[in-house]
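Some notes on the structure that comes next.
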Amino acid sequence: MLSVQAAEAIILNLVKSLDSNQVEIVALEEANGRILAQPVTGKLDIPHWDNSAMDGYALRYQDVQNCSAEKPVTLEIVSEIAAGDRPQTEIQPGQAARIFTGAMLPPGTDTIVMQENTQRQGDRVLIRQSPQLQEFVRHQGAFYQAGTPLLAAGIKIGAAEIAVLATSQCTQLSVYRRPQVAILSTGDELVTPEQALQPGQIVDSNQYALASFVANNGGIPIKLGIIADRPTELKQAIAQAIASADLVLSTGGVSVGDYDYVERILTELGGTLHIRSVAVKPGKPLTVATFKDNNCLYFGIPGNPVSALVSCWRFVQPALKKLSGQFNYQPRFVSAKTRHDLQAGGTRETYLWGQLHLADGKYEFALAGGSHSSGNLINLAQTTGLAIVPVGQKLITAGEAVKVMLLD
Ligand code: AMP
Ligand code: MG
């Protein structure tokens with residue numbers, strides 16, 4: 001059986017990122033959460049003109065370079081410039097302009113003296129302390145020079161990036177299209193949440209869980225619904241999914257049971273199976289396939305709801321990120337002190353779900369209460385981390401350090 005690391009490497013190697021022509025042009029308002037497909041270059045220097053970082057007086061450094069409390073310099077105030085004003089008058093030797101934070105520096109001045117270091121006397125101001133040359137001036141281009149790289153391709157656009165783009169007046173952006181992810185649930189026992197349960201039936205929770213997972217990771221979920229465990233129907237549904245999506249996530253039907261048809265169908269459809277099982281718990285029967293004639297990547301995920309989500313978090317998420325243009329994405333692991341004993345079988349890398357807490361700036365892991373059976377999805381709610389017990393280890397005792405995978 002493949003190790004988790006080997007499986008992850010194979011998967012990432014199979015993912016072909018969307019290339020730079022698979023883009024959409026979106027307005028800034030629509031860009032939140034999208035991935036930049038082209039580097040952005042700004043056309044404006046930031047700040048766009050020299051301006052004051054303080055409320056105070058704009059003046060000529062030469063006039064005040066030798067002043068002190070004992071030898072103050074008196075300057076004549078010839079104008080007042082508020083933020084948004086356009087200064088008209090050139091400041092001459094012996095003169096100053098009253099200025100406010102963010103206002104443009106008037107011509108002739110090179111330095112701001114903050115209000116607190118001055119004394120106002122009618123239309124004059126006393127400077128009692130000599131400033132540094134150019135003190136409290138935010139120079140044009142000090143933060144960013146027009147024409148130099150502003151934001152790189154592959155980054156996800158959030159509040160800070162929106163601010164940068166808005167200030168640079170970049171209102172149209174080239175972003176990667178969102179990957180189309182087909183989701184289908186296999187199983188004769190499945191019904192939708194709206195249907196009344198007959199004996200033997202269970203609700204298809206995976207369809208909804210995976211759609212949420214896909215949307216949270218920047219993909220467009222295409223819900224293909226429940227497909228019965230009948231080879232012809234299944235084959236047709238899988239063929240349609242492969243033809244229409246960048247990624248297919250099917251759940252169920254990949255174990256060794258009599259009704260587990262997925263692998264056989266993938267082979268019949270000309271697929272190459274790269275992974276058939278992984279030494280991981282939960283989630284051992286993971287199938288990963290590609291097809292000759294298109295770029296679709298197929299994940300056949302076990303049906304147990306916990307196995308399904310853990311497989312998505314551990315294996316599908318990095319693939320989806322890479323596919324969607326986030327080339328630098330890495331799963332995040334932290335070291336935490338476990339509050340509970342963590343038990344495992346020792347033969348497979350074991351993922352135990354629970355919550356991460358910060359105590360005095362250090363992570364602690366609290367194991368979710370109740371059963372850790374892969375069929376129990378109830379205690380999966382509010383999971384923020386997956387504690388990992390490595391192969392070869394059967395117990396991590398409460399108080400010891402454990403590696404935990406962070407969930408977003
Ligand atoms: P399978 O992988 O098809 O053998 O399914 C394993 C277990 O997961 C069975 O108990 C199924 O009833 C359950 N299961 C399969 N598919 C789903 C689904 N879409 N939603 C919830 N549970 C499922
Ligand atoms: Mg099944």
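By order of appearance in the structure tokens: chains A, B, ..., then residues from 1 within every chain, and ligands from 1 in the order shown.
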Shell of 9 Å around Thr251 in chain A, only C-alpha atoms, local chain residues under 2 positions omitted, as a list of chain:residue names: A:Ile183, A:Leu184, A:Ser185, A:Thr186, A:Gly187, A:Asn206, A:Gln207, A:Leu249, A:Gly253, A:Val254, A:Phe299, A:Gly300, A:Ile301, A:Pro302, A:Gly303, A:Asn304, A:Pro305, A:Ala308
The selected residues should be written to file as a short mmCIF file (atom, residue, chain, number, x, y, z; two decimals), in the first residue's frame (atoms: all heavy atoms).
data_model
loop_
_atom_site.label_atom_id
_atom_site.label_comp_id
_atom_site.auth_asym_id
_atom_site.auth_seq_id
_atom_site.Cartn_x
_atom_site.Cartn_y
_atom_site.Cartn_z
N ILE A 183 -19.54 16.09 -8.75
CA ILE A 183 -19.67 15.29 -7.51
C ILE A 183 -20.79 14.28 -7.72
O ILE A 183 -21.90 14.66 -8.11
CB ILE A 183 -20.02 16.21 -6.32
CG1 ILE A 183 -18.90 17.25 -6.13
CG2 ILE A 183 -20.21 15.39 -5.05
CD1 ILE A 183 -19.28 18.37 -5.19
N LEU A 184 -20.49 13.02 -7.48
CA LEU A 184 -21.57 12.04 -7.55
C LEU A 184 -21.45 11.03 -6.41
O LEU A 184 -20.36 10.70 -5.96
CB LEU A 184 -21.64 11.35 -8.92
CG LEU A 184 -20.41 10.70 -9.50
CD1 LEU A 184 -20.47 9.21 -9.25
CD2 LEU A 184 -20.38 10.99 -11.00
N SER A 185 -22.61 10.62 -5.93
CA SER A 185 -22.67 9.67 -4.82
C SER A 185 -23.17 8.35 -5.36
O SER A 185 -24.21 8.31 -6.02
CB SER A 185 -23.64 10.17 -3.75
OG SER A 185 -23.23 11.43 -3.30
N THR A 186 -22.46 7.28 -5.07
CA THR A 186 -22.92 5.97 -5.53
C THR A 186 -23.47 5.18 -4.36
O THR A 186 -22.92 5.24 -3.26
CB THR A 186 -21.77 5.16 -6.17
OG1 THR A 186 -20.91 4.68 -5.13
CG2 THR A 186 -20.94 6.01 -7.13
N GLY A 187 -24.54 4.49 -4.58
CA GLY A 187 -25.08 3.62 -3.54
C GLY A 187 -26.58 3.48 -3.63
O GLY A 187 -27.30 4.49 -3.68
N ASN A 206 -22.74 12.96 1.74
CA ASN A 206 -21.47 13.28 1.05
C ASN A 206 -21.64 14.32 -0.04
O ASN A 206 -20.79 15.20 -0.21
CB ASN A 206 -20.87 12.02 0.43
CG ASN A 206 -20.30 11.07 1.48
OD1 ASN A 206 -20.09 11.47 2.62
ND2 ASN A 206 -20.03 9.83 1.07
N GLN A 207 -22.73 14.21 -0.79
CA GLN A 207 -22.98 15.13 -1.90
C GLN A 207 -22.90 16.59 -1.43
O GLN A 207 -22.30 17.44 -2.07
CB GLN A 207 -24.38 14.86 -2.44
CG GLN A 207 -24.76 15.65 -3.66
CD GLN A 207 -24.46 14.86 -4.92
OE1 GLN A 207 -24.22 15.45 -5.95
NE2 GLN A 207 -24.42 13.56 -4.86
N LEU A 249 -15.27 13.92 -8.23
CA LEU A 249 -15.23 13.30 -6.91
C LEU A 249 -16.44 12.39 -6.81
O LEU A 249 -17.57 12.86 -6.78
CB LEU A 249 -15.31 14.36 -5.80
CG LEU A 249 -14.32 15.55 -5.87
CD1 LEU A 249 -14.60 16.53 -4.74
CD2 LEU A 249 -12.88 15.04 -5.79
N GLY A 253 -18.39 2.85 -3.44
CA GLY A 253 -18.14 1.90 -4.53
C GLY A 253 -16.68 1.66 -4.87
O GLY A 253 -16.38 1.16 -5.95
N VAL A 254 -15.76 2.01 -3.97
CA VAL A 254 -14.35 1.76 -4.28
C VAL A 254 -13.73 0.72 -3.33
O VAL A 254 -12.53 0.51 -3.35
CB VAL A 254 -13.48 3.05 -4.26
CG1 VAL A 254 -13.76 3.88 -5.50
CG2 VAL A 254 -13.70 3.87 -3.00
N PHE A 299 -11.15 11.27 -8.65
CA PHE A 299 -10.96 10.74 -7.30
C PHE A 299 -12.15 9.85 -6.96
O PHE A 299 -13.28 10.32 -6.89
CB PHE A 299 -10.91 11.86 -6.26
CG PHE A 299 -9.62 12.62 -6.21
CD1 PHE A 299 -9.40 13.71 -7.03
CD2 PHE A 299 -8.61 12.25 -5.33
CE1 PHE A 299 -8.20 14.42 -6.98
CE2 PHE A 299 -7.41 12.95 -5.26
CZ PHE A 299 -7.20 14.04 -6.09
N GLY A 300 -11.89 8.57 -6.77
CA GLY A 300 -12.91 7.66 -6.25
C GLY A 300 -12.67 7.56 -4.75
O GLY A 300 -11.66 7.03 -4.29
N ILE A 301 -13.60 8.13 -3.99
CA ILE A 301 -13.40 8.32 -2.56
C ILE A 301 -14.30 7.34 -1.81
O ILE A 301 -15.43 7.09 -2.24
CB ILE A 301 -13.76 9.80 -2.22
CG1 ILE A 301 -12.77 10.73 -2.91
CG2 ILE A 301 -13.78 10.05 -0.72
CD1 ILE A 301 -13.20 12.17 -2.92
N PRO A 302 -13.83 6.79 -0.69
CA PRO A 302 -14.69 5.87 0.05
C PRO A 302 -15.96 6.56 0.53
O PRO A 302 -15.99 7.76 0.74
CB PRO A 302 -13.83 5.41 1.22
CG PRO A 302 -12.65 6.32 1.27
CD PRO A 302 -12.50 6.92 -0.08
N GLY A 303 -17.02 5.77 0.70
CA GLY A 303 -18.33 6.32 0.98
C GLY A 303 -18.57 6.76 2.41
O GLY A 303 -19.37 7.66 2.65
N ASN A 304 -17.87 6.15 3.35
CA ASN A 304 -18.07 6.57 4.73
C ASN A 304 -17.88 8.07 4.85
O ASN A 304 -16.86 8.60 4.41
CB ASN A 304 -17.05 5.87 5.64
CG ASN A 304 -17.61 4.58 6.20
OD1 ASN A 304 -18.73 4.57 6.69
ND2 ASN A 304 -16.83 3.51 6.11
N PRO A 305 -18.81 8.75 5.47
CA PRO A 305 -18.77 10.21 5.47
C PRO A 305 -17.48 10.80 6.04
O PRO A 305 -16.98 11.79 5.53
CB PRO A 305 -19.97 10.61 6.32
CG PRO A 305 -20.91 9.45 6.20
CD PRO A 305 -20.07 8.23 6.06
N ALA A 308 -14.71 10.16 3.61
CA ALA A 308 -14.86 11.02 2.45
C ALA A 308 -14.26 12.40 2.72
O ALA A 308 -13.47 12.91 1.92
CB ALA A 308 -16.33 11.14 2.07
#
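With only C-alpha atoms taken into account, the protein and nucleic acid residues at most 8 Å from Ala82 in chain A (excluding it and anything under 4 positions from it in its own chain) are Ile99, Phe100, Thr101, Gly102 and Ala103 of chain A.
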Since we have the selection now, will you write its residues out, keeping C-alpha atoms, as a short mmCIF file (atom, residue, chain, number, x, y, z; two decimals), in the first residue's frame?
data_model
loop_
_atom_site.label_atom_id
_atom_site.label_comp_id
_atom_site.auth_asym_id
_atom_site.auth_seq_id
_atom_site.Cartn_x
_atom_site.Cartn_y
_atom_site.Cartn_z
CA ILE A 99 -0.97 71.47 6.70
CA PHE A 100 -3.03 68.43 7.71
CA THR A 101 -2.40 64.68 7.48
CA GLY A 102 -2.62 63.39 3.93
CA ALA A 103 -2.49 66.86 2.34
#
Closest of A:Val191, A:Cys296, A:Ala279, A:Ile91 to Ala228 in chain A - atom-to-atom distances counting only C-alpha atoms: A:Val191
Coordinates-based distance that separates CA of Pro47 in chain A from CA of Gln119 in chain A (Å, one decimal): 29.3 Å
All strand (DSSP E or B) residues (DSSP, backbone) inside range 85-229 of chain A, as a PyMOL selection string: chain A and resi 95-99+104+111-114+118-121+124-127+137-138+144+149-151+156+172-176+180-186+190-191+202-203+220-227
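Take the candidates A:Val248, A:Leu406, A:Leu150, A:Ile46 and check each one against Leu297 in chain A using only C-alpha atoms; the shortest distance goes to A:Val248.
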Nearby residues (only C-alpha atoms) at most 8 Å from range 64-80 of chain A, same-chain spacing under 3 positions excluded, as a ChimeraX atom specification: /A:60-61,89,91,94-99,123-132
Include N, CA and C atoms and write out the residues we just selected as a JSON list (two decimals), in the first residue's frame.
[["chain", "number", "residue", "atom", "x", "y", "z"],
["A", 60, "ARG", "N", 10.44, 75.10, 4.83],
["A", 60, "ARG", "CA", 11.74, 74.85, 4.20],
["A", 60, "ARG", "C", 12.72, 74.50, 5.31],
["A", 61, "TYR", "N", 13.34, 73.34, 5.19],
["A", 61, "TYR", "CA", 14.25, 72.85, 6.23],
["A", 61, "TYR", "C", 15.33, 73.89, 6.56],
["A", 89, "THR", "N", 0.12, 78.20, -3.74],
["A", 89, "THR", "CA", 1.19, 79.17, -3.49],
["A", 89, "THR", "C", 2.52, 78.50, -3.21],
["A", 91, "ILE", "N", 5.88, 78.32, -1.32],
["A", 91, "ILE", "CA", 6.32, 78.83, -0.02],
["A", 91, "ILE", "C", 7.73, 79.41, -0.17],
["A", 94, "GLY", "N", 11.27, 81.96, 4.98],
["A", 94, "GLY", "CA", 10.59, 82.69, 6.06],
["A", 94, "GLY", "C", 9.11, 82.40, 6.15],
["A", 95, "GLN", "N", 8.61, 81.58, 5.26],
["A", 95, "GLN", "CA", 7.16, 81.28, 5.26],
["A", 95, "GLN", "C", 6.91, 79.80, 5.59],
["A", 96, "ALA", "N", 5.66, 79.52, 5.96],
["A", 96, "ALA", "CA", 5.23, 78.13, 6.19],
["A", 96, "ALA", "C", 3.78, 78.02, 5.76],
["A", 97, "ALA", "N", 3.33, 76.75, 5.58],
["A", 97, "ALA", "CA", 1.91, 76.50, 5.30],
["A", 97, "ALA", "C", 1.37, 75.62, 6.40],
["A", 98, "ARG", "N", 0.19, 75.98, 6.92],
["A", 98, "ARG", "CA", -0.52, 75.09, 7.83],
["A", 98, "ARG", "C", -0.93, 73.88, 7.00],
["A", 99, "ILE", "N", -0.67, 72.66, 7.51],
["A", 99, "ILE", "CA", -0.97, 71.47, 6.70],
["A", 99, "ILE", "C", -1.57, 70.37, 7.58],
["A", 123, "ASP", "N", -1.05, 84.81, 12.75],
["A", 123, "ASP", "CA", -0.68, 84.29, 11.44],
["A", 123, "ASP", "C", 0.81, 83.95, 11.38],
["A", 124, "ARG", "N", 1.37, 83.70, 12.54],
["A", 124, "ARG", "CA", 2.77, 83.27, 12.61],
["A", 124, "ARG", "C", 2.86, 81.96, 13.41],
["A", 125, "VAL", "N", 3.97, 81.26, 13.19],
["A", 125, "VAL", "CA", 4.20, 80.06, 13.97],
["A", 125, "VAL", "C", 5.65, 80.04, 14.45],
["A", 126, "LEU", "N", 5.79, 79.65, 15.72],
["A", 126, "LEU", "CA", 7.12, 79.56, 16.33],
["A", 126, "LEU", "C", 7.58, 78.12, 16.26],
["A", 127, "ILE", "N", 8.74, 77.88, 15.67],
["A", 127, "ILE", "CA", 9.30, 76.52, 15.62],
["A", 127, "ILE", "C", 10.39, 76.47, 16.68],
["A", 128, "ARG", "N", 10.20, 75.52, 17.63],
["A", 128, "ARG", "CA", 11.09, 75.51, 18.82],
["A", 128, "ARG", "C", 12.07, 74.35, 18.78],
["A", 129, "GLN", "N", 11.93, 73.52, 17.79],
["A", 129, "GLN", "CA", 12.81, 72.34, 17.76],
["A", 129, "GLN", "C", 13.13, 72.07, 16.31],
["A", 130, "SER", "N", 14.42, 71.87, 15.99],
["A", 130, "SER", "CA", 14.75, 71.69, 14.58],
["A", 130, "SER", "C", 14.42, 70.26, 14.15],
["A", 131, "PRO", "N", 13.72, 70.13, 13.03],
["A", 131, "PRO", "CA", 13.33, 68.79, 12.56],
["A", 131, "PRO", "C", 14.46, 68.12, 11.78],
["A", 132, "GLN", "N", 14.26, 66.87, 11.41],
["A", 132, "GLN", "CA", 15.14, 66.23, 10.42],
["A", 132, "GLN", "C", 14.73, 66.74, 9.04]]
Need to verify the contact set: Gly141 in chain A, 12 Å, only C-alpha atoms, exclusion of same-chain residues closer than 6 positions in sequence. Can you return it as a PDB file with C-alpha atoms, in the first residue's frame?
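Here's the written file around_21.pdb:
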ATOM      1  CA  GLY A  42       0.328  49.420 -11.261  1.00  0.00           C
ATOM      2  CA  LYS A  43       0.301  52.631 -13.269  1.00  0.00           C
ATOM      3  CA  LEU A  44       0.396  54.967 -10.276  1.00  0.00           C
ATOM      4  CA  ASP A  45       3.174  55.812  -7.857  1.00  0.00           C
ATOM      5  CA  ILE A  46       2.005  55.239  -4.271  1.00  0.00           C
ATOM      6  CA  PRO A  47       1.792  57.763  -2.647  1.00  0.00           C
ATOM      7  CA  HIS A  48       0.794  59.562  -5.805  1.00  0.00           C
ATOM      8  CA  TRP A  49       2.369  62.848  -4.658  1.00  0.00           C
ATOM      9  CA  ASP A  50       4.450  64.066  -1.734  1.00  0.00           C
ATOM     10  CA  ASN A  51       2.152  64.484   1.250  1.00  0.00           C
ATOM     11  CA  GLY A 147       5.581  49.968 -13.544  1.00  0.00           C
ATOM     12  CA  THR A 148       7.217  47.672 -11.007  1.00  0.00           C
ATOM     13  CA  SER A 168      -3.679  51.435  -7.663  1.00  0.00           C
TER      14      SER A 168
END
